[in-house]
Amino acid sequence: MHVVVNAAMSADGKLSTRRREQVRISGSEDFARVDRLRADSDAVLVGIGTVLADDPHLTLDDADLREQRRARDEPAHPARVVVDSTGRIPLDARILDDAATTYVLLSNDASEERRASIDAAGAEVVVAGEDRVSLPAALDALDAHGVSELMVEGGGEIIYSLFAADLVDELSVYVGSLVLGGRDAPTLVDGPGFVDEPPELSLRDVQRVDDGVLLRYDVRGR
Ligand code: NAP
């Protein structure tokens, strides 16, 4: 499986404000680029923190991109994936609608009852890990369902865990021209952070997009 992390951050590295509500960091040119990246993916993954904060739909906006996928015998939208150890996802979350297949990755900590409700809401349930979702095992399970190109949209906790498990191949980060600040605001990579052997990147491309900069990196050693 090939894993691309794509996110937008402020010039000071924040994904959102301290209130964790969605903030417009990029512009229309970058939204179109993100739509194309989604269209080229088999699945788009977010953490439950992002679902609770933003209630994203994660489908393709551009009808031409949907048509091109259908012409390739693919579903109109890529699958959607939520990493959610205990099954906190609201059953009316937009990501659970029937626009596309949705995988909810749970751990063994999720109750039978939550598993059954999420399954009844139409999602494909995958159980991997004990207290928290084991990302290596969960991504293997997605691979077995035919997900070869995985796009990760955030947030900072999930991005940290994917780097920590050495599962990231590429990082695309859009740096918007605003400062959000806030010691408690989510950053591109949160979790406990790296002390020894931080993941190293190799800068592949720098591009001006809208009023910001798109940085594209390969992860070294992958
Ligand atoms: P997150 O990364 O979306 O989700 C984190 C949650 O995932 C954890 O709290 C944990 O909850 C669950 N999880 C399950 N297994 C995990 C594992 N192995 N490793 C890590 N987490 C695991 O949440 P976040 O960091 O709070 O980010 C949300 C914020 O990011 C929001 O403010 C949103 O607006 C922002 N965001 C911005 C962008 C952007 O491009 N600017 C993109 C996405 C999100 P459980 O233990 O309950 O499972």
# chains A, B, ... in the order shown; residues from 1 in each chain; ligands from 1

$ residues_around --residues "Gly13 of chain A" --least-positions-apart "4" --cutoff "12 Å" --atoms "only C-alpha atoms" --output "PDB file with all heavy atoms, in the first residue's frame"
ATOM      1  N   ALA A   7      -2.305  17.564   4.088  1.00  0.00           N
ATOM      2  CA  ALA A   7      -3.029  18.444   5.010  1.00  0.00           C
ATOM      3  C   ALA A   7      -2.664  19.883   4.715  1.00  0.00           C
ATOM      4  O   ALA A   7      -1.692  20.163   4.010  1.00  0.00           O
ATOM      5  CB  ALA A   7      -2.681  18.087   6.456  1.00  0.00           C
ATOM      6  N   ALA A   8      -3.466  20.787   5.281  1.00  0.00           N
ATOM      7  CA  ALA A   8      -3.202  22.226   5.137  1.00  0.00           C
ATOM      8  C   ALA A   8      -2.930  22.786   6.519  1.00  0.00           C
ATOM      9  O   ALA A   8      -3.650  22.487   7.478  1.00  0.00           O
ATOM     10  CB  ALA A   8      -4.420  22.920   4.524  1.00  0.00           C
ATOM     11  N   MET A   9      -1.869  23.574   6.637  1.00  0.00           N
ATOM     12  CA  MET A   9      -1.563  24.172   7.943  1.00  0.00           C
ATOM     13  C   MET A   9      -1.283  25.668   7.782  1.00  0.00           C
ATOM     14  O   MET A   9      -0.990  26.149   6.692  1.00  0.00           O
ATOM     15  CB  MET A   9      -0.364  23.464   8.595  1.00  0.00           C
ATOM     16  CG  MET A   9       0.941  23.653   7.860  1.00  0.00           C
ATOM     17  SD  MET A   9       2.277  22.740   8.696  1.00  0.00           S
ATOM     18  CE  MET A   9       3.700  23.509   7.899  1.00  0.00           C
ATOM     19  N   THR A  17      -7.693  26.018  14.862  1.00  0.00           N
ATOM     20  CA  THR A  17      -7.518  26.879  16.035  1.00  0.00           C
ATOM     21  C   THR A  17      -7.599  26.049  17.316  1.00  0.00           C
ATOM     22  O   THR A  17      -7.918  24.871  17.275  1.00  0.00           O
ATOM     23  CB  THR A  17      -8.642  27.932  16.115  1.00  0.00           C
ATOM     24  OG1 THR A  17      -9.854  27.227  16.413  1.00  0.00           O
ATOM     25  CG2 THR A  17      -8.788  28.686  14.810  1.00  0.00           C
ATOM     26  N   ILE A  25      -7.821  27.389   5.306  1.00  0.00           N
ATOM     27  CA  ILE A  25      -6.378  27.661   5.279  1.00  0.00           C
ATOM     28  C   ILE A  25      -5.911  27.856   3.834  1.00  0.00           C
ATOM     29  O   ILE A  25      -5.016  28.644   3.563  1.00  0.00           O
ATOM     30  CB  ILE A  25      -5.610  26.510   5.976  1.00  0.00           C
ATOM     31  CG1 ILE A  25      -5.945  26.504   7.484  1.00  0.00           C
ATOM     32  CG2 ILE A  25      -4.093  26.628   5.753  1.00  0.00           C
ATOM     33  CD1 ILE A  25      -5.359  25.358   8.269  1.00  0.00           C
ATOM     34  N   GLY A 156      -3.738  15.610  13.436  1.00  0.00           N
ATOM     35  CA  GLY A 156      -2.370  15.510  13.920  1.00  0.00           C
ATOM     36  C   GLY A 156      -2.061  14.247  14.712  1.00  0.00           C
ATOM     37  O   GLY A 156      -0.931  13.741  14.667  1.00  0.00           O
ATOM     38  N   VAL A 173       2.079  19.085   2.107  1.00  0.00           N
ATOM     39  CA  VAL A 173       1.517  20.033   3.069  1.00  0.00           C
ATOM     40  C   VAL A 173       1.374  21.396   2.411  1.00  0.00           C
ATOM     41  O   VAL A 173       2.315  21.909   1.810  1.00  0.00           O
ATOM     42  CB  VAL A 173       2.327  20.056   4.392  1.00  0.00           C
ATOM     43  CG1 VAL A 173       3.779  20.327   4.189  1.00  0.00           C
ATOM     44  CG2 VAL A 173       1.742  21.058   5.365  1.00  0.00           C
ATOM     45  N   TYR A 174       0.152  21.911   2.514  1.00  0.00           N
ATOM     46  CA  TYR A 174      -0.119  23.250   1.998  1.00  0.00           C
ATOM     47  C   TYR A 174       0.081  24.219   3.161  1.00  0.00           C
ATOM     48  O   TYR A 174      -0.528  24.048   4.229  1.00  0.00           O
ATOM     49  CB  TYR A 174      -1.561  23.334   1.471  1.00  0.00           C
ATOM     50  CG  TYR A 174      -1.855  24.709   0.948  1.00  0.00           C
ATOM     51  CD1 TYR A 174      -1.494  25.054  -0.351  1.00  0.00           C
ATOM     52  CD2 TYR A 174      -2.434  25.673   1.760  1.00  0.00           C
ATOM     53  CE1 TYR A 174      -1.728  26.340  -0.824  1.00  0.00           C
ATOM     54  CE2 TYR A 174      -2.663  26.959   1.295  1.00  0.00           C
ATOM     55  CZ  TYR A 174      -2.306  27.279  -0.006  1.00  0.00           C
ATOM     56  OH  TYR A 174      -2.527  28.541  -0.469  1.00  0.00           O
ATOM     57  N   VAL A 175       0.938  25.214   2.968  1.00  0.00           N
ATOM     58  CA  VAL A 175       1.209  26.194   4.022  1.00  0.00           C
ATOM     59  C   VAL A 175       0.477  27.481   3.656  1.00  0.00           C
ATOM     60  O   VAL A 175       0.840  28.172   2.700  1.00  0.00           O
ATOM     61  CB  VAL A 175       2.729  26.461   4.163  1.00  0.00           C
ATOM     62  CG1 VAL A 175       2.989  27.369   5.370  1.00  0.00           C
ATOM     63  CG2 VAL A 175       3.512  25.156   4.300  1.00  0.00           C
ATOM     64  N   GLY A 176      -0.596  27.769   4.392  1.00  0.00           N
ATOM     65  CA  GLY A 176      -1.412  28.951   4.116  1.00  0.00           C
ATOM     66  C   GLY A 176      -0.803  30.190   4.738  1.00  0.00           C
ATOM     67  O   GLY A 176      -0.021  30.109   5.693  1.00  0.00           O
ATOM     68  N   SER A 177      -1.201  31.342   4.186  1.00  0.00           N
ATOM     69  CA  SER A 177      -0.605  32.598   4.644  1.00  0.00           C
ATOM     70  C   SER A 177      -1.431  33.211   5.773  1.00  0.00           C
ATOM     71  O   SER A 177      -2.071  34.253   5.608  1.00  0.00           O
ATOM     72  CB  SER A 177      -0.471  33.556   3.460  1.00  0.00           C
ATOM     73  OG  SER A 177       0.418  32.985   2.525  1.00  0.00           O
ATOM     74  N   LEU A 178      -1.447  32.529   6.889  1.00  0.00           N
ATOM     75  CA  LEU A 178      -2.093  33.053   8.099  1.00  0.00           C
ATOM     76  C   LEU A 178      -1.406  32.440   9.310  1.00  0.00           C
ATOM     77  O   LEU A 178      -0.706  31.427   9.178  1.00  0.00           O
ATOM     78  CB  LEU A 178      -3.606  32.761   8.127  1.00  0.00           C
ATOM     79  CG  LEU A 178      -4.108  31.367   8.507  1.00  0.00           C
ATOM     80  CD1 LEU A 178      -5.626  31.392   8.648  1.00  0.00           C
ATOM     81  CD2 LEU A 178      -3.721  30.321   7.495  1.00  0.00           C
ATOM     82  N   VAL A 179      -1.575  33.101  10.451  1.00  0.00           N
ATOM     83  CA  VAL A 179      -0.977  32.608  11.702  1.00  0.00           C
ATOM     84  C   VAL A 179      -2.122  32.287  12.651  1.00  0.00           C
ATOM     85  O   VAL A 179      -2.986  33.130  12.890  1.00  0.00           O
ATOM     86  CB  VAL A 179      -0.052  33.691  12.325  1.00  0.00           C
ATOM     87  CG1 VAL A 179       0.427  33.267  13.701  1.00  0.00           C
ATOM     88  CG2 VAL A 179       1.137  33.962  11.407  1.00  0.00           C
ATOM     89  N   LEU A 180      -2.173  31.062  13.167  1.00  0.00           N
ATOM     90  CA  LEU A 180      -3.259  30.689  14.081  1.00  0.00           C
ATOM     91  C   LEU A 180      -2.810  30.659  15.535  1.00  0.00           C
ATOM     92  O   LEU A 180      -3.562  31.034  16.429  1.00  0.00           O
ATOM     93  CB  LEU A 180      -3.839  29.325  13.671  1.00  0.00           C
ATOM     94  CG  LEU A 180      -4.622  29.351  12.360  1.00  0.00           C
ATOM     95  CD1 LEU A 180      -5.002  27.947  11.919  1.00  0.00           C
ATOM     96  CD2 LEU A 180      -5.884  30.211  12.486  1.00  0.00           C
ATOM     97  N   GLY A 181      -1.597  30.223  15.786  1.00  0.00           N
ATOM     98  CA  GLY A 181      -1.091  30.197  17.157  1.00  0.00           C
ATOM     99  C   GLY A 181      -1.904  29.302  18.082  1.00  0.00           C
ATOM    100  O   GLY A 181      -2.837  28.604  17.640  1.00  0.00           O
ATOM    101  N   GLY A 182      -1.567  29.341  19.354  1.00  0.00           N
ATOM    102  CA  GLY A 182      -2.324  28.561  20.343  1.00  0.00           C
ATOM    103  C   GLY A 182      -1.575  27.300  20.710  1.00  0.00           C
ATOM    104  O   GLY A 182      -1.422  26.407  19.886  1.00  0.00           O
ATOM    105  N   ARG A 183      -1.152  27.218  21.995  1.00  0.00           N
ATOM    106  CA  ARG A 183      -0.367  26.032  22.386  1.00  0.00           C
ATOM    107  C   ARG A 183      -1.210  24.781  22.362  1.00  0.00           C
ATOM    108  O   ARG A 183      -0.686  23.689  22.295  1.00  0.00           O
ATOM    109  CB  ARG A 183       0.309  26.240  23.756  1.00  0.00           C
ATOM    110  CG  ARG A 183      -0.640  26.398  24.916  1.00  0.00           C
ATOM    111  CD  ARG A 183       0.100  26.637  26.220  1.00  0.00           C
ATOM    112  NE  ARG A 183       0.778  27.921  26.223  1.00  0.00           N
ATOM    113  CZ  ARG A 183       0.201  29.093  26.525  1.00  0.00           C
ATOM    114  NH1 ARG A 183      -1.081  29.130  26.863  1.00  0.00           N
ATOM    115  NH2 ARG A 183       0.873  30.205  26.508  1.00  0.00           N
ATOM    116  N   ALA A 185      -3.665  24.308  20.059  1.00  0.00           N
ATOM    117  CA  ALA A 185      -4.238  24.095  18.725  1.00  0.00           C
ATOM    118  C   ALA A 185      -3.536  22.896  18.079  1.00  0.00           C
ATOM    119  O   ALA A 185      -2.340  22.699  18.274  1.00  0.00           O
ATOM    120  CB  ALA A 185      -4.029  25.338  17.873  1.00  0.00           C
ATOM    121  N   PRO A 186      -4.278  22.058  17.312  1.00  0.00           N
ATOM    122  CA  PRO A 186      -3.642  20.893  16.695  1.00  0.00           C
ATOM    123  C   PRO A 186      -2.593  21.309  15.658  1.00  0.00           C
ATOM    124  O   PRO A 186      -2.786  22.277  14.926  1.00  0.00           O
ATOM    125  CB  PRO A 186      -4.804  20.148  16.019  1.00  0.00           C
ATOM    126  CG  PRO A 186      -5.906  21.130  15.895  1.00  0.00           C
ATOM    127  CD  PRO A 186      -5.713  22.163  16.968  1.00  0.00           C
ATOM    128  N   THR A 187      -1.490  20.580  15.647  1.00  0.00           N
ATOM    129  CA  THR A 187      -0.445  20.835  14.657  1.00  0.00           C
ATOM    130  C   THR A 187      -0.430  19.681  13.650  1.00  0.00           C
ATOM    131  O   THR A 187      -1.144  18.687  13.821  1.00  0.00           O
ATOM    132  CB  THR A 187       0.950  20.966  15.303  1.00  0.00           C
ATOM    133  OG1 THR A 187       1.373  19.684  15.752  1.00  0.00           O
ATOM    134  CG2 THR A 187       0.940  21.948  16.457  1.00  0.00           C
ATOM    135  N   LEU A 188       0.389  19.830  12.632  1.00  0.00           N
ATOM    136  CA  LEU A 188       0.427  18.809  11.574  1.00  0.00           C
ATOM    137  C   LEU A 188       0.729  17.428  12.151  1.00  0.00           C
ATOM    138  O   LEU A 188       0.148  16.430  11.742  1.00  0.00           O
ATOM    139  CB  LEU A 188       1.492  19.201  10.534  1.00  0.00           C
ATOM    140  CG  LEU A 188       1.679  18.244   9.374  1.00  0.00           C
ATOM    141  CD1 LEU A 188       0.428  18.157   8.514  1.00  0.00           C
ATOM    142  CD2 LEU A 188       2.873  18.672   8.520  1.00  0.00           C
ATOM    143  N   VAL A 189       1.660  17.375  13.087  1.00  0.00           N
ATOM    144  CA  VAL A 189       2.014  16.085  13.696  1.00  0.00           C
ATOM    145  C   VAL A 189       2.005  16.280  15.212  1.00  0.00           C
ATOM    146  O   VAL A 189       2.860  16.980  15.751  1.00  0.00           O
ATOM    147  CB  VAL A 189       3.402  15.601  13.223  1.00  0.00           C
ATOM    148  CG1 VAL A 189       3.707  14.222  13.797  1.00  0.00           C
ATOM    149  CG2 VAL A 189       3.471  15.545  11.691  1.00  0.00           C
ATOM    150  N   ASP A 190       1.029  15.677  15.894  1.00  0.00           N
ATOM    151  CA  ASP A 190       0.928  15.825  17.354  1.00  0.00           C
ATOM    152  C   ASP A 190       1.405  14.545  18.046  1.00  0.00           C
ATOM    153  O   ASP A 190       2.551  14.180  17.886  1.00  0.00           O
ATOM    154  CB  ASP A 190      -0.508  16.205  17.750  1.00  0.00           C
ATOM    155  CG  ASP A 190      -0.796  17.673  17.433  1.00  0.00           C
ATOM    156  OD1 ASP A 190       0.129  18.487  17.531  1.00  0.00           O
ATOM    157  OD2 ASP A 190      -1.945  17.987  17.089  1.00  0.00           O
TER     158      ASP A 190
END

$ residues_near_ligand --ligand "ligand 1" --cutoff "6 Å" --atoms "only C-alpha atoms and all ligand atoms" --output "short mmCIF file (atom, residue, chain, number, x, y, z; two decimals) with all heavy atoms, in the first residue's frame"
data_model
loop_
_atom_site.label_atom_id
_atom_site.label_comp_id
_atom_site.auth_asym_id
_atom_site.auth_seq_id
_atom_site.Cartn_x
_atom_site.Cartn_y
_atom_site.Cartn_z
N ALA A 7 -2.31 17.56 4.09
CA ALA A 7 -3.03 18.44 5.01
C ALA A 7 -2.66 19.88 4.71
O ALA A 7 -1.69 20.16 4.01
CB ALA A 7 -2.68 18.09 6.46
N ALA A 8 -3.47 20.79 5.28
CA ALA A 8 -3.20 22.23 5.14
C ALA A 8 -2.93 22.79 6.52
O ALA A 8 -3.65 22.49 7.48
CB ALA A 8 -4.42 22.92 4.52
N MET A 9 -1.87 23.57 6.64
CA MET A 9 -1.56 24.17 7.94
C MET A 9 -1.28 25.67 7.78
O MET A 9 -0.99 26.15 6.69
CB MET A 9 -0.36 23.46 8.59
CG MET A 9 0.94 23.65 7.86
SD MET A 9 2.28 22.74 8.70
CE MET A 9 3.70 23.51 7.90
N LEU A 15 -3.13 23.03 12.31
CA LEU A 15 -4.17 22.50 11.43
C LEU A 15 -5.50 23.20 11.64
O LEU A 15 -6.40 23.13 10.81
CB LEU A 15 -4.40 21.00 11.71
CG LEU A 15 -3.29 20.02 11.38
CD1 LEU A 15 -3.75 18.61 11.66
CD2 LEU A 15 -2.87 20.16 9.92
N SER A 16 -5.64 23.83 12.79
CA SER A 16 -6.90 24.47 13.16
C SER A 16 -6.63 25.41 14.34
O SER A 16 -5.48 25.55 14.76
CB SER A 16 -7.90 23.36 13.55
OG SER A 16 -9.07 23.90 14.09
N ARG A 20 -10.57 23.97 17.66
CA ARG A 20 -10.60 22.79 16.81
C ARG A 20 -11.72 22.83 15.77
O ARG A 20 -12.12 21.80 15.26
CB ARG A 20 -10.70 21.50 17.65
CG ARG A 20 -9.46 21.31 18.46
CD ARG A 20 -9.35 20.01 19.18
NE ARG A 20 -8.01 19.97 19.79
CZ ARG A 20 -7.00 19.27 19.35
NH1 ARG A 20 -7.15 18.46 18.34
NH2 ARG A 20 -5.83 19.35 19.93
N GLU A 21 -12.24 24.03 15.48
CA GLU A 21 -13.23 24.07 14.40
C GLU A 21 -12.47 24.21 13.08
O GLU A 21 -11.31 24.59 13.06
CB GLU A 21 -14.24 25.21 14.58
CG GLU A 21 -13.70 26.58 14.28
CD GLU A 21 -13.26 27.34 15.52
OE1 GLU A 21 -13.41 26.79 16.61
OE2 GLU A 21 -12.76 28.46 15.39
N GLN A 22 -13.18 23.85 11.99
CA GLN A 22 -12.55 23.89 10.68
C GLN A 22 -12.22 25.34 10.30
O GLN A 22 -13.02 26.24 10.53
CB GLN A 22 -13.52 23.32 9.65
CG GLN A 22 -12.82 22.73 8.46
CD GLN A 22 -13.78 21.86 7.65
OE1 GLN A 22 -14.98 21.91 7.82
NE2 GLN A 22 -13.23 21.08 6.77
N VAL A 46 -9.34 9.52 7.85
CA VAL A 46 -9.24 10.54 8.91
C VAL A 46 -9.39 9.87 10.27
O VAL A 46 -9.94 8.78 10.38
CB VAL A 46 -10.32 11.65 8.79
CG1 VAL A 46 -10.11 12.54 7.59
CG2 VAL A 46 -11.72 11.06 8.80
N GLY A 47 -8.94 10.58 11.32
CA GLY A 47 -9.15 10.11 12.68
C GLY A 47 -10.52 10.54 13.19
O GLY A 47 -11.14 11.47 12.64
N ILE A 48 -10.97 9.90 14.26
CA ILE A 48 -12.28 10.24 14.83
C ILE A 48 -12.29 11.68 15.35
O ILE A 48 -13.33 12.35 15.32
CB ILE A 48 -12.70 9.23 15.94
CG1 ILE A 48 -14.09 9.55 16.48
CG2 ILE A 48 -11.69 9.17 17.07
CD1 ILE A 48 -15.20 9.42 15.49
N GLY A 49 -11.12 12.21 15.75
CA GLY A 49 -11.05 13.61 16.21
C GLY A 49 -11.51 14.54 15.10
O GLY A 49 -12.21 15.54 15.35
N THR A 50 -11.12 14.24 13.88
CA THR A 50 -11.50 15.08 12.73
C THR A 50 -12.99 14.93 12.44
O THR A 50 -13.67 15.91 12.11
CB THR A 50 -10.64 14.69 11.51
OG1 THR A 50 -9.28 14.95 11.84
CG2 THR A 50 -11.04 15.44 10.27
N ALA A 53 -14.82 16.91 15.05
CA ALA A 53 -14.61 18.36 14.92
C ALA A 53 -15.27 18.93 13.67
O ALA A 53 -15.90 19.98 13.71
CB ALA A 53 -13.11 18.68 14.90
N ASP A 54 -15.13 18.23 12.55
CA ASP A 54 -15.49 18.83 11.25
C ASP A 54 -16.70 18.18 10.56
O ASP A 54 -17.21 18.74 9.60
CB ASP A 54 -14.31 18.72 10.26
CG ASP A 54 -13.05 19.40 10.76
OD1 ASP A 54 -13.14 20.17 11.73
OD2 ASP A 54 -11.98 19.14 10.19
N VAL A 83 -10.64 6.19 11.80
CA VAL A 83 -9.92 5.43 12.83
C VAL A 83 -10.54 5.81 14.17
O VAL A 83 -10.47 6.97 14.59
CB VAL A 83 -8.42 5.78 12.82
CG1 VAL A 83 -7.67 4.82 13.74
CG2 VAL A 83 -7.85 5.73 11.41
N ASP A 84 -11.17 4.85 14.85
CA ASP A 84 -12.07 5.18 15.96
C ASP A 84 -12.07 4.01 16.96
O ASP A 84 -12.97 3.16 16.90
CB ASP A 84 -13.46 5.40 15.34
CG ASP A 84 -14.52 5.77 16.36
OD1 ASP A 84 -14.18 6.12 17.49
OD2 ASP A 84 -15.72 5.68 15.99
N SER A 85 -11.12 3.99 17.90
CA SER A 85 -10.93 2.81 18.77
C SER A 85 -12.23 2.31 19.41
O SER A 85 -12.52 1.11 19.36
CB SER A 85 -9.94 3.12 19.89
OG SER A 85 -8.80 3.72 19.36
N THR A 86 -12.98 3.22 20.03
CA THR A 86 -14.12 2.74 20.83
C THR A 86 -15.47 2.93 20.13
O THR A 86 -16.51 2.65 20.72
CB THR A 86 -14.17 3.47 22.20
OG1 THR A 86 -14.24 4.88 21.95
CG2 THR A 86 -12.94 3.16 23.03
N ARG A 132 -6.16 0.68 21.42
CA ARG A 132 -6.22 1.63 20.31
C ARG A 132 -6.15 0.85 19.01
O ARG A 132 -5.67 -0.28 18.99
CB ARG A 132 -5.00 2.55 20.37
CG ARG A 132 -5.36 3.87 20.97
CD ARG A 132 -4.32 4.90 20.71
NE ARG A 132 -4.94 6.21 20.82
CZ ARG A 132 -4.33 7.34 20.57
NH1 ARG A 132 -3.08 7.34 20.18
NH2 ARG A 132 -4.97 8.50 20.69
N VAL A 133 -6.59 1.47 17.95
CA VAL A 133 -6.50 0.81 16.65
C VAL A 133 -5.02 0.58 16.30
O VAL A 133 -4.21 1.50 16.38
CB VAL A 133 -7.18 1.66 15.56
CG1 VAL A 133 -6.99 1.05 14.18
CG2 VAL A 133 -8.66 1.85 15.88
N SER A 134 -4.70 -0.66 15.95
CA SER A 134 -3.35 -0.96 15.45
C SER A 134 -3.32 -0.58 13.98
O SER A 134 -3.97 -1.22 13.14
CB SER A 134 -3.04 -2.45 15.62
OG SER A 134 -1.96 -2.80 14.77
N LEU A 135 -2.59 0.49 13.66
CA LEU A 135 -2.61 0.99 12.28
C LEU A 135 -1.96 0.01 11.30
O LEU A 135 -2.49 -0.19 10.21
CB LEU A 135 -2.00 2.39 12.22
CG LEU A 135 -2.88 3.44 12.93
CD1 LEU A 135 -2.14 4.76 13.07
CD2 LEU A 135 -4.19 3.66 12.17
N GLU A 153 -5.95 12.46 5.49
CA GLU A 153 -6.21 13.90 5.59
C GLU A 153 -6.04 14.45 6.99
O GLU A 153 -6.20 15.63 7.22
CB GLU A 153 -7.61 14.21 5.04
CG GLU A 153 -7.74 13.87 3.56
CD GLU A 153 -8.75 14.72 2.82
OE1 GLU A 153 -9.23 15.73 3.35
OE2 GLU A 153 -9.07 14.34 1.68
N GLY A 154 -5.76 13.62 7.98
CA GLY A 154 -5.52 14.13 9.33
C GLY A 154 -6.37 13.43 10.35
O GLY A 154 -7.00 12.41 10.04
N GLY A 155 -6.37 13.95 11.58
CA GLY A 155 -5.61 15.10 12.04
C GLY A 155 -4.24 14.73 12.57
O GLY A 155 -3.66 13.67 12.26
N GLY A 156 -3.74 15.61 13.44
CA GLY A 156 -2.37 15.51 13.92
C GLY A 156 -2.06 14.25 14.71
O GLY A 156 -0.93 13.74 14.67
N GLU A 157 -3.06 13.71 15.42
CA GLU A 157 -2.81 12.49 16.22
C GLU A 157 -2.60 11.29 15.30
O GLU A 157 -1.68 10.50 15.49
CB GLU A 157 -3.99 12.22 17.17
CG GLU A 157 -4.14 13.22 18.29
CD GLU A 157 -3.00 13.19 19.31
OE1 GLU A 157 -2.42 12.12 19.52
OE2 GLU A 157 -2.70 14.26 19.87
N ILE A 158 -3.47 11.18 14.32
CA ILE A 158 -3.37 10.04 13.39
C ILE A 158 -2.09 10.16 12.55
O ILE A 158 -1.39 9.18 12.30
CB ILE A 158 -4.62 9.99 12.47
CG1 ILE A 158 -5.80 9.43 13.25
CG2 ILE A 158 -4.38 9.19 11.20
CD1 ILE A 158 -5.64 8.00 13.72
N SER A 161 0.81 8.92 14.56
CA SER A 161 0.85 7.46 14.72
C SER A 161 1.29 6.77 13.43
O SER A 161 1.98 5.76 13.46
CB SER A 161 -0.51 6.92 15.14
OG SER A 161 -0.81 7.35 16.44
N PRO A 186 -4.28 22.06 17.31
CA PRO A 186 -3.64 20.89 16.70
C PRO A 186 -2.59 21.31 15.66
O PRO A 186 -2.79 22.28 14.93
CB PRO A 186 -4.80 20.15 16.02
CG PRO A 186 -5.91 21.13 15.90
CD PRO A 186 -5.71 22.16 16.97
#

$ select_by_dssp --residues "segment 79-155 of chain A" --states "helix (DSSP H, G or I)" --output "ChimeraX atom specification"
/A:94-96,112-120,135-144

$ residues_around --residues "Ser202 of chain A" --least-positions-apart "5" --cutoff "9 Å" --atoms "only C-alpha atoms" --output "PDB file with all heavy atoms, in the first residue's frame"
ATOM      1  N   ARG A 216       5.992  19.281  -1.182  1.00  0.00           N
ATOM      2  CA  ARG A 216       5.793  17.837  -1.349  1.00  0.00           C
ATOM      3  C   ARG A 216       7.088  17.105  -1.002  1.00  0.00           C
ATOM      4  O   ARG A 216       8.165  17.446  -1.513  1.00  0.00           O
ATOM      5  CB  ARG A 216       5.336  17.507  -2.762  1.00  0.00           C
ATOM      6  CG  ARG A 216       3.967  18.141  -3.015  1.00  0.00           C
ATOM      7  CD  ARG A 216       3.202  17.471  -4.102  1.00  0.00           C
ATOM      8  NE  ARG A 216       3.950  17.507  -5.333  1.00  0.00           N
ATOM      9  CZ  ARG A 216       3.816  16.615  -6.314  1.00  0.00           C
ATOM     10  NH1 ARG A 216       2.969  15.630  -6.205  1.00  0.00           N
ATOM     11  NH2 ARG A 216       4.523  16.732  -7.400  1.00  0.00           N
ATOM     12  N   TYR A 217       6.976  16.150  -0.104  1.00  0.00           N
ATOM     13  CA  TYR A 217       8.136  15.407   0.381  1.00  0.00           C
ATOM     14  C   TYR A 217       7.947  13.909   0.153  1.00  0.00           C
ATOM     15  O   TYR A 217       6.829  13.395   0.259  1.00  0.00           O
ATOM     16  CB  TYR A 217       8.293  15.567   1.896  1.00  0.00           C
ATOM     17  CG  TYR A 217       8.498  16.960   2.415  1.00  0.00           C
ATOM     18  CD1 TYR A 217       7.402  17.732   2.823  1.00  0.00           C
ATOM     19  CD2 TYR A 217       9.773  17.495   2.561  1.00  0.00           C
ATOM     20  CE1 TYR A 217       7.583  19.002   3.343  1.00  0.00           C
ATOM     21  CE2 TYR A 217       9.959  18.766   3.086  1.00  0.00           C
ATOM     22  CZ  TYR A 217       8.866  19.512   3.467  1.00  0.00           C
ATOM     23  OH  TYR A 217       9.042  20.758   3.995  1.00  0.00           O
ATOM     24  N   ASP A 218       9.056  13.207  -0.053  1.00  0.00           N
ATOM     25  CA  ASP A 218       9.078  11.754   0.066  1.00  0.00           C
ATOM     26  C   ASP A 218       9.659  11.453   1.437  1.00  0.00           C
ATOM     27  O   ASP A 218      10.528  12.186   1.929  1.00  0.00           O
ATOM     28  CB  ASP A 218       9.989  11.132  -1.011  1.00  0.00           C
ATOM     29  CG  ASP A 218       9.426  11.360  -2.402  1.00  0.00           C
ATOM     30  OD1 ASP A 218       8.245  11.045  -2.610  1.00  0.00           O
ATOM     31  OD2 ASP A 218      10.175  11.877  -3.267  1.00  0.00           O
ATOM     32  N   VAL A 219       9.185  10.377   2.047  1.00  0.00           N
ATOM     33  CA  VAL A 219       9.750   9.970   3.335  1.00  0.00           C
ATOM     34  C   VAL A 219      10.995   9.139   3.044  1.00  0.00           C
ATOM     35  O   VAL A 219      10.954   8.197   2.254  1.00  0.00           O
ATOM     36  CB  VAL A 219       8.710   9.169   4.159  1.00  0.00           C
ATOM     37  CG1 VAL A 219       9.320   8.697   5.478  1.00  0.00           C
ATOM     38  CG2 VAL A 219       7.481  10.033   4.417  1.00  0.00           C
ATOM     39  N   ARG A 220      12.110   9.528   3.653  1.00  0.00           N
ATOM     40  CA  ARG A 220      13.372   8.822   3.384  1.00  0.00           C
ATOM     41  C   ARG A 220      13.305   7.383   3.895  1.00  0.00           C
ATOM     42  O   ARG A 220      12.712   7.115   4.939  1.00  0.00           O
ATOM     43  CB  ARG A 220      14.532   9.516   4.094  1.00  0.00           C
ATOM     44  CG  ARG A 220      14.974  10.788   3.395  1.00  0.00           C
ATOM     45  CD  ARG A 220      16.254  11.311   4.033  1.00  0.00           C
ATOM     46  NE  ARG A 220      16.498  12.671   3.621  1.00  0.00           N
ATOM     47  CZ  ARG A 220      17.253  13.012   2.561  1.00  0.00           C
ATOM     48  NH1 ARG A 220      17.840  12.080   1.849  1.00  0.00           N
ATOM     49  NH2 ARG A 220      17.412  14.281   2.248  1.00  0.00           N
TER      50      ARG A 220
END

$ residues_around --residues "Val44 of chain A" --least-positions-apart "2" --cutoff "10 Å" --atoms "only C-alpha atoms" --output "ChimeraX atom specification"
/A:3-5,37-39,41-42,46,58-59,77-82,102-103,147,149-154

$ residues_around --residues "segment 88-94 of chain A" --least-positions-apart "5" --cutoff "7 Å" --atoms "only C-alpha atoms" --output "short mmCIF file (atom, residue, chain, number, x, y, z; two decimals) with C-alpha atoms, in the first residue's frame"
data_model
loop_
_atom_site.label_atom_id
_atom_site.label_comp_id
_atom_site.auth_asym_id
_atom_site.auth_seq_id
_atom_site.Cartn_x
_atom_site.Cartn_y
_atom_site.Cartn_z
CA ILE A 48 -12.28 10.24 14.83
CA ASP A 55 -18.10 16.20 10.26
CA PRO A 56 -16.41 15.84 6.84
CA HIS A 57 -18.07 14.09 3.88
CA ILE A 118 -21.97 1.08 13.24
CA ALA A 121 -25.48 2.22 9.89
#
